[in-house]
>>> print(open('upload19.cif').read())   # mmCIF, C-alpha atoms
data_coords
loop_
_atom_site.label_atom_id
_atom_site.label_comp_id
_atom_site.auth_asym_id
_atom_site.auth_seq_id
_atom_site.Cartn_x
_atom_site.Cartn_y
_atom_site.Cartn_z
CA MET G 1 9.24 17.61 -2.64
CA ASP G 2 11.07 20.83 -1.79
CA PRO G 3 9.21 23.79 -3.36
CA LEU G 4 11.98 26.24 -2.52
CA ARG G 5 14.45 24.11 -4.47
CA ASP G 6 12.08 24.09 -7.44
CA ILE G 7 11.78 27.87 -7.22
CA GLU G 8 15.56 28.27 -7.13
CA GLY G 9 15.97 25.85 -10.05
CA LEU G 10 13.60 27.86 -12.23
CA VAL G 11 15.01 31.27 -11.23
CA GLU G 12 18.45 30.08 -12.34
CA HIS G 13 17.14 30.46 -15.90
CA GLU G 14 17.55 34.23 -15.98
CA GLY G 15 15.68 36.40 -18.46
CA ARG G 16 12.62 34.18 -19.05
CA TRP G 17 10.79 36.80 -21.13
CA PRO G 18 8.27 35.26 -23.57
CA GLY G 19 9.86 33.90 -26.71
CA THR G 20 13.47 33.97 -25.46
CA ASP G 21 16.12 31.29 -25.32
CA ALA G 22 15.98 31.51 -21.52
CA GLU G 23 12.28 30.67 -21.61
CA ARG G 24 13.00 27.66 -23.83
CA ARG G 25 15.72 26.44 -21.46
CA ALA G 26 13.31 26.81 -18.54
CA ALA G 27 10.74 24.72 -20.44
CA ARG G 28 13.28 21.92 -20.92
CA HIS G 29 14.18 22.12 -17.25
CA LEU G 30 10.52 21.67 -16.30
CA GLU G 31 10.13 18.84 -18.79
CA ARG G 32 12.92 17.00 -16.99
CA ARG G 33 11.42 17.86 -13.62
CA LEU G 34 8.05 16.36 -14.55
CA ARG G 35 9.68 13.21 -15.92
CA ALA G 36 11.56 12.89 -12.63
CA ILE G 37 8.24 12.55 -10.76
CA GLY G 38 7.10 9.87 -13.18
CA ARG G 39 4.88 11.82 -15.58
CA GLU G 40 4.65 11.76 -19.37
CA VAL G 41 5.48 15.18 -20.85
CA GLU G 42 5.15 17.02 -24.15
CA VAL G 43 6.53 20.41 -25.08
CA GLU G 44 4.05 22.17 -27.36
CA PRO G 45 5.42 25.09 -29.43
CA PHE G 46 3.38 28.09 -30.55
CA ASP G 47 3.95 31.53 -32.06
CA VAL G 48 3.78 34.61 -29.88
CA TRP G 49 4.06 38.38 -30.36
CA PRO G 50 5.43 39.35 -26.93
CA ARG G 51 6.28 43.05 -27.35
CA TRP G 52 3.09 44.39 -25.81
CA PRO G 53 4.78 47.51 -24.34
CA LEU G 54 5.65 48.65 -27.87
CA ALA G 55 2.16 47.82 -29.16
CA HIS G 56 0.49 49.89 -26.44
CA LEU G 57 3.02 52.69 -26.84
CA ILE G 58 1.83 52.88 -30.47
CA HIS G 59 -1.77 52.96 -29.21
CA ALA G 60 -0.95 55.78 -26.77
CA LEU G 61 0.79 57.90 -29.43
CA ALA G 62 -2.07 57.34 -31.88
CA ALA G 63 -4.59 58.35 -29.21
CA ILE G 64 -2.65 61.57 -28.50
CA VAL G 65 -2.68 62.39 -32.22
CA GLY G 66 -6.39 61.57 -32.44
CA SER G 67 -7.15 63.82 -29.47
CA LEU G 68 -5.24 66.74 -31.03
CA VAL G 69 -6.93 66.26 -34.39
CA ALA G 70 -10.36 66.10 -32.73
CA SER G 71 -10.02 69.72 -31.52
CA SER G 72 -10.28 71.01 -35.08
CA LYS G 73 -11.64 68.01 -37.01
CA PRO G 74 -13.90 66.04 -34.64
CA LEU G 75 -14.91 63.39 -37.18
CA ALA G 76 -11.35 62.46 -38.15
CA GLY G 77 -10.24 62.52 -34.51
CA ALA G 78 -13.19 60.36 -33.42
CA ILE G 79 -12.42 57.77 -36.09
CA VAL G 80 -8.78 57.54 -35.00
CA LEU G 81 -9.72 57.28 -31.32
CA LEU G 82 -12.40 54.67 -31.96
CA VAL G 83 -9.94 52.46 -33.84
CA VAL G 84 -7.33 52.91 -31.09
CA ALA G 85 -9.86 52.11 -28.34
CA LEU G 86 -10.93 48.91 -30.11
CA LEU G 87 -7.33 47.82 -30.76
CA THR G 88 -6.39 48.50 -27.13
CA LEU G 89 -9.41 46.66 -25.73
CA GLY G 90 -8.82 43.72 -28.07
CA ASP G 91 -5.20 43.44 -26.96
CA LEU G 92 -5.87 43.79 -23.23
CA THR G 93 -8.67 41.21 -23.30
CA GLY G 94 -6.76 38.87 -25.62
CA ARG G 95 -9.58 38.76 -28.15
CA PHE G 96 -7.44 40.13 -30.98
CA GLN G 97 -3.94 41.58 -30.91
CA ILE G 98 -3.54 43.23 -34.27
CA THR G 99 -0.97 45.93 -33.49
CA ARG G 100 1.42 43.35 -32.04
CA ARG G 101 1.71 41.80 -35.49
CA LEU G 102 3.84 44.81 -36.37
CA THR G 103 6.30 44.22 -33.53
CA GLY G 104 7.89 40.86 -34.34
CA ARG G 105 7.01 37.19 -33.87
CA ARG G 106 8.78 34.77 -31.56
CA ALA G 107 8.47 31.08 -30.69
CA SER G 108 7.30 30.03 -27.25
CA GLN G 109 6.14 26.73 -25.74
CA ASN G 110 3.90 25.10 -23.16
CA VAL G 111 4.97 22.14 -21.05
CA VAL G 112 2.04 19.73 -20.91
CA SER G 113 1.70 16.52 -18.92
CA ARG G 114 -1.44 14.48 -19.55
CA GLU G 115 -2.70 11.54 -17.58
CA GLY G 116 -4.68 8.40 -18.25
CA GLY G 117 -7.84 9.28 -20.10
CA ASP G 118 -9.97 6.61 -18.45
CA LEU G 119 -11.74 8.84 -15.93
CA PRO G 120 -14.77 10.95 -16.84
CA GLY G 121 -13.25 14.31 -15.89
CA THR G 122 -10.03 16.24 -16.45
CA LEU G 123 -8.46 18.50 -13.81
CA VAL G 124 -5.87 20.85 -15.30
CA LEU G 125 -3.35 22.36 -12.87
CA VAL G 126 -1.94 25.54 -14.40
CA ALA G 127 0.99 27.84 -13.66
CA HIS G 128 3.19 29.98 -15.91
CA TYR G 129 6.96 29.74 -15.85
CA ASP G 130 7.99 32.84 -17.83
CA ALA G 131 8.96 36.12 -16.16
CA ALA G 132 8.03 39.77 -16.64
CA ARG G 133 9.91 42.97 -17.36
CA SER G 134 10.29 45.54 -14.63
CA GLY G 135 9.35 49.23 -14.79
CA ALA G 136 8.60 52.28 -12.67
CA VAL G 137 4.87 51.56 -12.74
CA PHE G 138 5.56 48.40 -10.72
CA ASN G 139 7.75 49.87 -7.99
CA ASP G 140 6.67 49.53 -4.39
CA ARG G 141 5.50 53.13 -4.05
CA ALA G 142 3.31 52.93 -7.17
CA MET G 143 1.85 49.56 -6.13
CA ARG G 144 1.15 50.79 -2.60
CA ARG G 145 -0.54 53.95 -3.90
CA ARG G 146 -2.72 52.01 -6.34
CA ALA G 147 -3.73 49.57 -3.58
CA TRP G 148 -4.66 52.53 -1.34
CA ILE G 149 -6.80 54.13 -4.06
CA GLY G 150 -8.49 50.76 -4.59
CA ARG G 151 -9.39 50.57 -0.90
CA VAL G 152 -10.78 54.13 -0.96
CA LEU G 153 -12.89 53.39 -4.05
CA HIS G 154 -13.85 49.91 -2.81
CA ARG G 155 -12.64 48.41 -6.08
CA PRO G 156 -9.15 47.39 -7.18
CA ILE G 157 -7.41 49.55 -9.79
CA GLY G 158 -5.64 47.65 -12.54
CA PRO G 159 -2.35 48.97 -13.96
CA PHE G 160 -3.89 49.49 -17.42
CA GLU G 161 -7.15 51.11 -16.39
CA PRO G 162 -5.97 54.77 -16.35
CA PHE G 163 -4.40 54.25 -19.80
CA PHE G 164 -7.46 52.60 -21.35
CA TRP G 165 -10.05 54.91 -19.80
CA ALA G 166 -8.02 57.94 -20.93
CA ILE G 167 -8.43 56.71 -24.51
CA VAL G 168 -12.16 56.24 -23.93
CA ALA G 169 -12.46 59.72 -22.38
CA SER G 170 -10.70 61.23 -25.40
CA LEU G 171 -13.09 59.38 -27.70
CA VAL G 172 -16.14 60.65 -25.78
CA CYS G 173 -14.83 64.22 -25.98
CA ALA G 174 -14.35 63.87 -29.75
CA LEU G 175 -17.89 62.53 -30.17
CA LEU G 176 -19.33 65.39 -28.11
CA ARG G 177 -17.46 67.90 -30.27
CA LEU G 178 -18.81 66.14 -33.33
CA ALA G 179 -22.31 66.63 -31.90
CA GLY G 180 -21.65 70.37 -31.54
CA ILE G 181 -21.03 70.35 -27.78
CA ASP G 182 -18.04 72.34 -26.55
CA GLY G 183 -16.92 74.22 -23.46
CA ASP G 184 -14.29 74.58 -20.77
CA VAL G 185 -15.26 71.38 -18.95
CA LEU G 186 -14.91 69.34 -22.12
CA SER G 187 -11.52 70.92 -22.86
CA ALA G 188 -10.35 70.19 -19.29
CA VAL G 189 -11.37 66.52 -19.55
CA GLN G 190 -9.66 66.21 -22.92
CA PHE G 191 -6.51 67.84 -21.55
CA GLY G 192 -6.46 65.56 -18.49
CA ALA G 193 -6.84 62.47 -20.68
CA ALA G 194 -3.99 63.68 -22.89
CA VAL G 195 -1.75 64.10 -19.84
CA VAL G 196 -2.49 60.51 -18.76
CA LEU G 197 -1.64 59.28 -22.27
CA ILE G 198 1.63 61.23 -22.36
CA VAL G 199 2.63 59.73 -19.00
CA SER G 200 1.61 56.30 -20.35
CA VAL G 201 4.02 56.71 -23.27
CA ALA G 202 6.89 57.21 -20.84
CA LEU G 203 5.84 54.31 -18.60
CA LEU G 204 5.36 51.89 -21.51
CA ALA G 205 8.74 52.83 -22.98
CA ASP G 206 10.27 52.27 -19.54
CA ILE G 207 8.77 48.76 -19.33
CA GLY G 208 9.95 47.89 -22.83
CA LEU G 209 13.52 48.93 -21.98
CA SER G 210 13.63 47.41 -18.48
CA GLU G 211 15.31 44.16 -17.47
CA VAL G 212 13.53 40.83 -17.04
CA VAL G 213 12.97 40.08 -13.36
CA PRO G 214 13.92 36.79 -11.61
CA GLY G 215 10.25 35.88 -11.12
CA ALA G 216 10.53 33.86 -7.90
CA ASN G 217 7.06 34.76 -6.65
CA ASP G 218 5.67 35.55 -10.12
CA ASN G 219 5.57 32.75 -10.90
CA ALA G 220 8.14 30.15 -9.90
CA SER G 221 6.13 29.86 -6.68
CA GLY G 222 3.06 28.79 -8.67
CA VAL G 223 5.09 26.30 -10.72
CA ALA G 224 6.57 24.74 -7.58
CA THR G 225 3.10 24.43 -6.04
CA VAL G 226 1.64 22.82 -9.17
CA LEU G 227 4.50 20.31 -9.27
CA ARG G 228 3.84 19.51 -5.62
CA LEU G 229 0.11 19.07 -6.26
CA ALA G 230 0.72 16.89 -9.32
CA ASP G 231 3.05 14.66 -7.32
CA ARG G 232 0.43 14.35 -4.58
CA TYR G 233 -2.74 13.86 -6.66
CA GLY G 234 -1.54 12.39 -9.95
CA GLY G 235 -3.29 9.05 -10.38
CA ASP G 236 -4.99 9.46 -7.01
CA LEU G 237 -8.37 11.03 -7.83
CA GLU G 238 -11.51 8.99 -8.30
CA HIS G 239 -13.21 11.03 -11.02
CA PHE G 240 -10.51 13.20 -12.63
CA ASP G 241 -7.36 12.62 -14.65
CA VAL G 242 -4.79 15.20 -13.52
CA TRP G 243 -3.14 17.22 -16.26
CA VAL G 244 -0.29 19.68 -15.68
CA LEU G 245 -0.05 22.79 -17.85
CA LEU G 246 3.03 24.97 -17.37
CA THR G 247 2.55 27.87 -19.74
CA GLY G 248 4.99 30.07 -21.56
CA SER G 249 4.22 33.66 -22.53
CA GLU G 250 1.73 34.36 -19.77
CA GLU G 251 3.45 37.71 -19.36
CA ALA G 252 2.41 38.45 -22.94
CA PHE G 253 -1.19 38.41 -21.61
CA ALA G 254 -1.73 34.65 -21.18
CA GLN G 255 -0.76 33.67 -24.72
CA GLY G 256 0.40 30.21 -23.62
CA ALA G 257 -2.98 29.37 -22.12
CA ARG G 258 -4.74 30.62 -25.26
CA ALA G 259 -2.48 28.45 -27.44
CA PHE G 260 -3.21 25.42 -25.23
CA LEU G 261 -6.97 25.97 -25.49
CA ARG G 262 -6.79 26.26 -29.27
CA ARG G 263 -4.73 23.08 -29.58
CA HIS G 264 -6.83 20.96 -27.21
CA ARG G 265 -10.32 22.37 -27.81
CA ASP G 266 -11.50 19.07 -29.34
CA GLU G 267 -10.21 17.00 -26.40
CA LEU G 268 -11.49 18.98 -23.43
CA GLU G 269 -15.22 18.93 -22.78
CA ARG G 270 -16.46 22.04 -21.03
CA GLY G 271 -18.76 20.15 -18.69
CA ARG G 272 -16.04 17.68 -17.68
CA THR G 273 -12.93 19.86 -17.41
CA VAL G 274 -11.86 21.99 -14.44
CA PHE G 275 -8.88 24.35 -14.37
CA VAL G 276 -7.06 25.37 -11.18
CA SER G 277 -4.67 28.25 -11.83
CA VAL G 278 -1.92 28.96 -9.28
CA ASP G 279 -0.13 32.31 -9.55
CA LYS G 280 2.01 34.29 -7.09
CA VAL G 281 1.72 32.21 -3.93
CA GLY G 282 4.99 33.13 -2.24
CA ALA G 283 3.79 35.77 0.25
CA GLY G 284 0.69 36.43 2.33
CA GLY G 285 -2.63 34.68 2.84
CA VAL G 286 -4.62 32.73 0.26
CA ARG G 287 -6.80 34.73 -2.14
CA PHE G 288 -9.20 33.23 -4.65
CA ALA G 289 -10.69 35.33 -7.43
CA ARG G 290 -14.43 35.82 -7.78
CA ARG G 291 -13.90 37.95 -10.87
CA GLU G 292 -10.77 38.58 -12.89
CA GLY G 293 -9.62 40.66 -15.84
CA LEU G 294 -7.51 43.70 -16.75
CA ILE G 295 -10.41 45.84 -17.99
CA LEU G 296 -13.56 43.74 -18.03
CA ALA G 297 -13.49 41.43 -15.00
CA ARG G 298 -15.16 38.11 -15.82
CA SER G 299 -16.89 36.11 -13.06
CA HIS G 300 -15.38 32.74 -12.27
CA HIS G 301 -17.47 29.58 -12.11
CA PRO G 302 -19.92 29.92 -9.17
CA ALA G 303 -19.62 26.26 -8.15
CA LEU G 304 -15.85 26.57 -7.73
CA VAL G 305 -16.12 29.93 -5.96
CA ASP G 306 -18.60 28.26 -3.59
CA LEU G 307 -16.12 25.47 -2.85
CA CYS G 308 -13.41 28.05 -2.14
CA ASP G 309 -15.83 29.92 0.13
CA GLN G 310 -16.58 26.65 1.91
CA ILE G 311 -12.89 26.04 2.63
CA ALA G 312 -12.44 29.63 3.82
CA ASP G 313 -15.50 29.44 6.11
CA GLU G 314 -14.46 26.12 7.63
CA ASP G 315 -10.97 27.51 8.23
CA ALA G 316 -12.14 30.80 9.74
CA ASP G 317 -11.49 29.73 13.33
CA GLU G 318 -8.18 27.97 12.72
CA GLY G 319 -6.80 30.58 10.30
CA ARG G 320 -4.47 28.15 8.53
CA TYR G 321 -4.96 29.78 5.12
CA ASP G 322 -6.24 33.30 5.88
CA ALA G 323 -8.35 32.71 2.78
CA ARG G 324 -10.72 35.24 1.27
CA SER G 325 -12.13 36.14 -2.11
CA ILE G 326 -10.96 39.07 -4.25
CA VAL G 327 -11.69 40.81 -7.53
CA SER G 328 -8.45 40.68 -9.50
CA ARG G 329 -7.57 43.42 -12.00
CA SER G 330 -4.76 41.38 -13.52
CA VAL G 331 -4.58 38.67 -16.13
CA THR G 332 -3.60 35.10 -15.28
CA ASP G 333 -3.97 31.83 -17.15
CA ALA G 334 -7.42 31.52 -15.56
CA VAL G 335 -8.80 34.34 -17.72
CA PRO G 336 -8.67 32.69 -21.18
CA ALA G 337 -9.89 29.37 -19.74
CA ARG G 338 -12.89 31.10 -18.21
CA GLY G 339 -13.40 33.04 -21.45
CA ALA G 340 -13.64 29.67 -23.21
CA LYS G 341 -16.43 28.79 -20.70
CA PHE G 342 -14.48 26.24 -18.67
CA ALA G 343 -14.90 25.96 -14.92
CA VAL G 344 -11.91 27.76 -13.39
CA ALA G 345 -10.55 28.46 -9.92
CA SER G 346 -7.82 31.09 -9.61
CA VAL G 347 -5.66 30.90 -6.47
CA SER G 348 -2.96 33.33 -5.33
CA CYS G 349 -1.53 34.76 -2.10
CA LEU G 350 -1.46 38.38 -0.97
CA PRO G 351 -0.37 40.15 2.21
CA GLU G 352 -2.71 42.56 4.01
CA ALA G 353 -1.32 45.50 2.01
CA GLY G 354 -3.27 44.15 -0.97
CA TYR G 355 -0.47 43.78 -3.51
CA ALA G 356 2.27 41.24 -4.14
CA PRO G 357 5.64 42.34 -2.72
CA HIS G 358 8.51 42.66 -5.23
CA TYR G 359 5.97 42.37 -8.07
CA HIS G 360 7.77 42.74 -11.43
CA GLN G 361 10.87 43.99 -9.64
CA PRO G 362 14.51 42.78 -9.68
CA THR G 363 14.04 41.93 -5.98
CA ASP G 364 11.59 39.09 -6.79
CA LEU G 365 14.16 36.57 -5.57
CA PRO G 366 13.93 33.17 -3.83
CA GLU G 367 15.14 34.63 -0.53
CA HIS G 368 11.97 36.74 -0.37
CA ILE G 369 9.66 33.72 -0.66
CA ASP G 370 7.76 32.83 2.51
CA PRO G 371 7.68 29.01 2.95
CA GLU G 372 4.57 29.34 5.12
CA ALA G 373 2.74 31.04 2.26
CA LEU G 374 3.71 28.17 -0.04
CA ASP G 375 2.31 25.71 2.51
CA ARG G 376 -0.90 27.74 2.81
CA ALA G 377 -1.39 27.69 -0.95
CA PHE G 378 -0.63 23.97 -1.16
CA GLY G 379 -3.02 23.15 1.69
CA PHE G 380 -5.82 25.28 0.27
CA CYS G 381 -5.42 23.85 -3.26
CA SER G 382 -5.28 20.32 -1.83
CA GLU G 383 -8.61 20.80 -0.07
CA LEU G 384 -10.06 22.37 -3.20
CA ILE G 385 -8.94 19.47 -5.40
CA GLU G 386 -10.42 16.94 -2.99
CA LEU G 387 -13.72 18.84 -2.86
CA ILE G 388 -13.83 19.04 -6.67
CA ASP G 389 -13.32 15.28 -6.84
CA ASP G 390 -15.85 14.53 -4.09
CA GLU G 391 -18.62 16.99 -4.98
CA ILE G 392 -18.32 17.68 -8.70
CA GLY G 393 -16.78 14.37 -9.78
CA PRO G 394 -19.75 12.06 -9.06
CA ARG G 395 -22.02 14.15 -11.29
CA LEU G 396 -19.74 13.57 -14.28
CA ARG G 397 -20.88 9.96 -14.57
CA ASP G 398 -24.53 10.93 -15.08
#
>>> encode(input="upload19.cif", output="structure tokens")
Amino acid sequence: MDPLRDIEGLVEHEGRWPGTDAERRAARHLERRLRAIGREVEVEPFDVWPRWPLAHLIHALAAIVGSLVASSKPLAGAIVLLVVALLTLGDLTGRFQITRRLTGRRASQNVVSREGGDLPGTLVLVAHYDAARSGAVFNDRAMRRRAWIGRVLHRPIGPFEPFFWAIVASLVCALLRLAGIDGDVLSAVQFGAAVVLIVSVALLADIGLSEVVPGANDNASGVATVLRLADRYGGDLEHFDVWVLLTGSEEAFAQGARAFLRRHRDELERGRTVFVSVDKVGAGGVRFARREGLILARSHHPALVDLCDQIADEDADEGRYDARSIVSRSVTDAVPARGAKFAVASVSCLPEAGYAPHYHQPTDLPEHIDPEALDRAFGFCSELIELIDDEIGPRLRD
């Protein structure tokens, strides 16, 4: 298989924003691609509310209003800010996305290829095929600065953290005013949070109005790698049937993965199902997530993290993969699967700078994909799959 050709074939479907005709055409393209390697395929539709920039712009404006009201009427302001904080947290974690219901529903789809059913375990290879919108918050300077701050603080900074914590800070200030506490420090904190929220309004509007990027690295590279792995390991494992899940609407905060889990929750046993998520593997060395999440980073399954550590340790001298663990302040299809208490491994690639080049930018094109990075990701995932089959698989028969 030629992963670069698969990347180019997917990127040809321009404008793959969740719920668009371009996304549907890309799904049909991948359906044909899976059939070409001899796999059964289903396209599973689901509803999605993809306009998250508008939803969070509403949250930001409501938080600004709540902060202003809290200066004179702390109780009313605190109530507004509490509701906004809960709605924002629910949307960012995927638990509930109420405000999006005001922004318009669209139809999206997952491309699902199941296998056999005779083996005791199920290994689900996951990658999303939709593409993101651009925006100033994702330009190289902003990404480089956020990566630098993360290194200084010894923790990565997610793109939504300043926005969310500004809402929380405004809420705390309102509660302190309600308790009769006031002063210059409190006013300064409230003012600083309001500035962050005002900037967030501009940045969210910019994302909502920006073009859809080509998405070669994010995430045609992951799709090409999953197709390559499925071709290699389909029907070849001793203890696991190999499923392929190519999700739509991941850029709407992993809505495709959530729809898949709802649809198949009665088929997939938690103790017998393993997910391997592959996302952004077109540049840099292999990175596997220990914890992952936009706001509240959830720990991945310790047994799978241990297997990834084992591969990285054994490869330390040879340096084929340049593999190491990270804490990821993003959302991939691994997050809802782990939230549903499945065993999940999340694999990506990053250069030493600590952020994906051309991330959510119009320059995320096939010519910027590093074939060596694709090979590193494929080799690492291959070893991981074989270890899962050899070390976890035998226990499934007990």
>>> resolve_selection(input="upload19.cif", expression="the PyMOL selection byres ((chain G and resi 291) around 9)", output="list in words")
Ala289, Arg290, Glu292, Gly293, Ala297, Arg298, Ser299, His300, Ile326, Val327, Ser328 and Arg329 of chain G
>>> residues_near_point(input="upload19.cif", point="(-0.2, 58.7, -31.5)", cutoff="12 Å", atoms="all atoms listed in the file", output="number ranges by chain")
G: 55-69, 77, 80-81, 83-84, 167, 194, 197-198, 200-201
>>> residues_around(input="upload19.cif", residues="Asp279 in chain G", least_positions_apart="5", cutoff="8 Å", atoms="only C-alpha atoms", output="ChimeraX atom specification")
/G:127-128,218-219,221-222,332,346-349
>>> write_last_selection(input="upload19.cif", atoms="C-alpha atoms", output="PDB file, keeping the file's coordinate frame")
ATOM      1  CA  ALA G 127       0.990  27.840 -13.660  1.00  0.00           C
ATOM      2  CA  HIS G 128       3.190  29.980 -15.910  1.00  0.00           C
ATOM      3  CA  ASP G 218       5.670  35.550 -10.120  1.00  0.00           C
ATOM      4  CA  ASN G 219       5.570  32.750 -10.900  1.00  0.00           C
ATOM      5  CA  SER G 221       6.130  29.860  -6.680  1.00  0.00           C
ATOM      6  CA  GLY G 222       3.060  28.790  -8.670  1.00  0.00           C
ATOM      7  CA  THR G 332      -3.600  35.100 -15.280  1.00  0.00           C
ATOM      8  CA  SER G 346      -7.820  31.090  -9.610  1.00  0.00           C
ATOM      9  CA  VAL G 347      -5.660  30.900  -6.470  1.00  0.00           C
ATOM     10  CA  SER G 348      -2.960  33.330  -5.330  1.00  0.00           C
ATOM     11  CA  CYS G 349      -1.530  34.760  -2.100  1.00  0.00           C
TER      12      CYS G 349
END
>>> closest_atom_pairs(input="upload19.cif", of="range 94-146 of chain G", to="range 261-272 of chain G", cutoff="7 Å", atoms="all atoms listed in the file", output="tab-separated table")
residue	atom	partner	partner_atom	distance
G:Pro120	CA	G:Arg272	CA	6.9
G:Gly121	CA	G:Arg272	CA	4.7
G:Thr122	CA	G:Arg272	CA	6.3
>>> closest_residue(input="upload19.cif", among="G:Gly150, G:Gly285, G:Gly158, G:Gly339", to="Phe380 in chain G", atoms="all atoms listed in the file")
G:Gly285
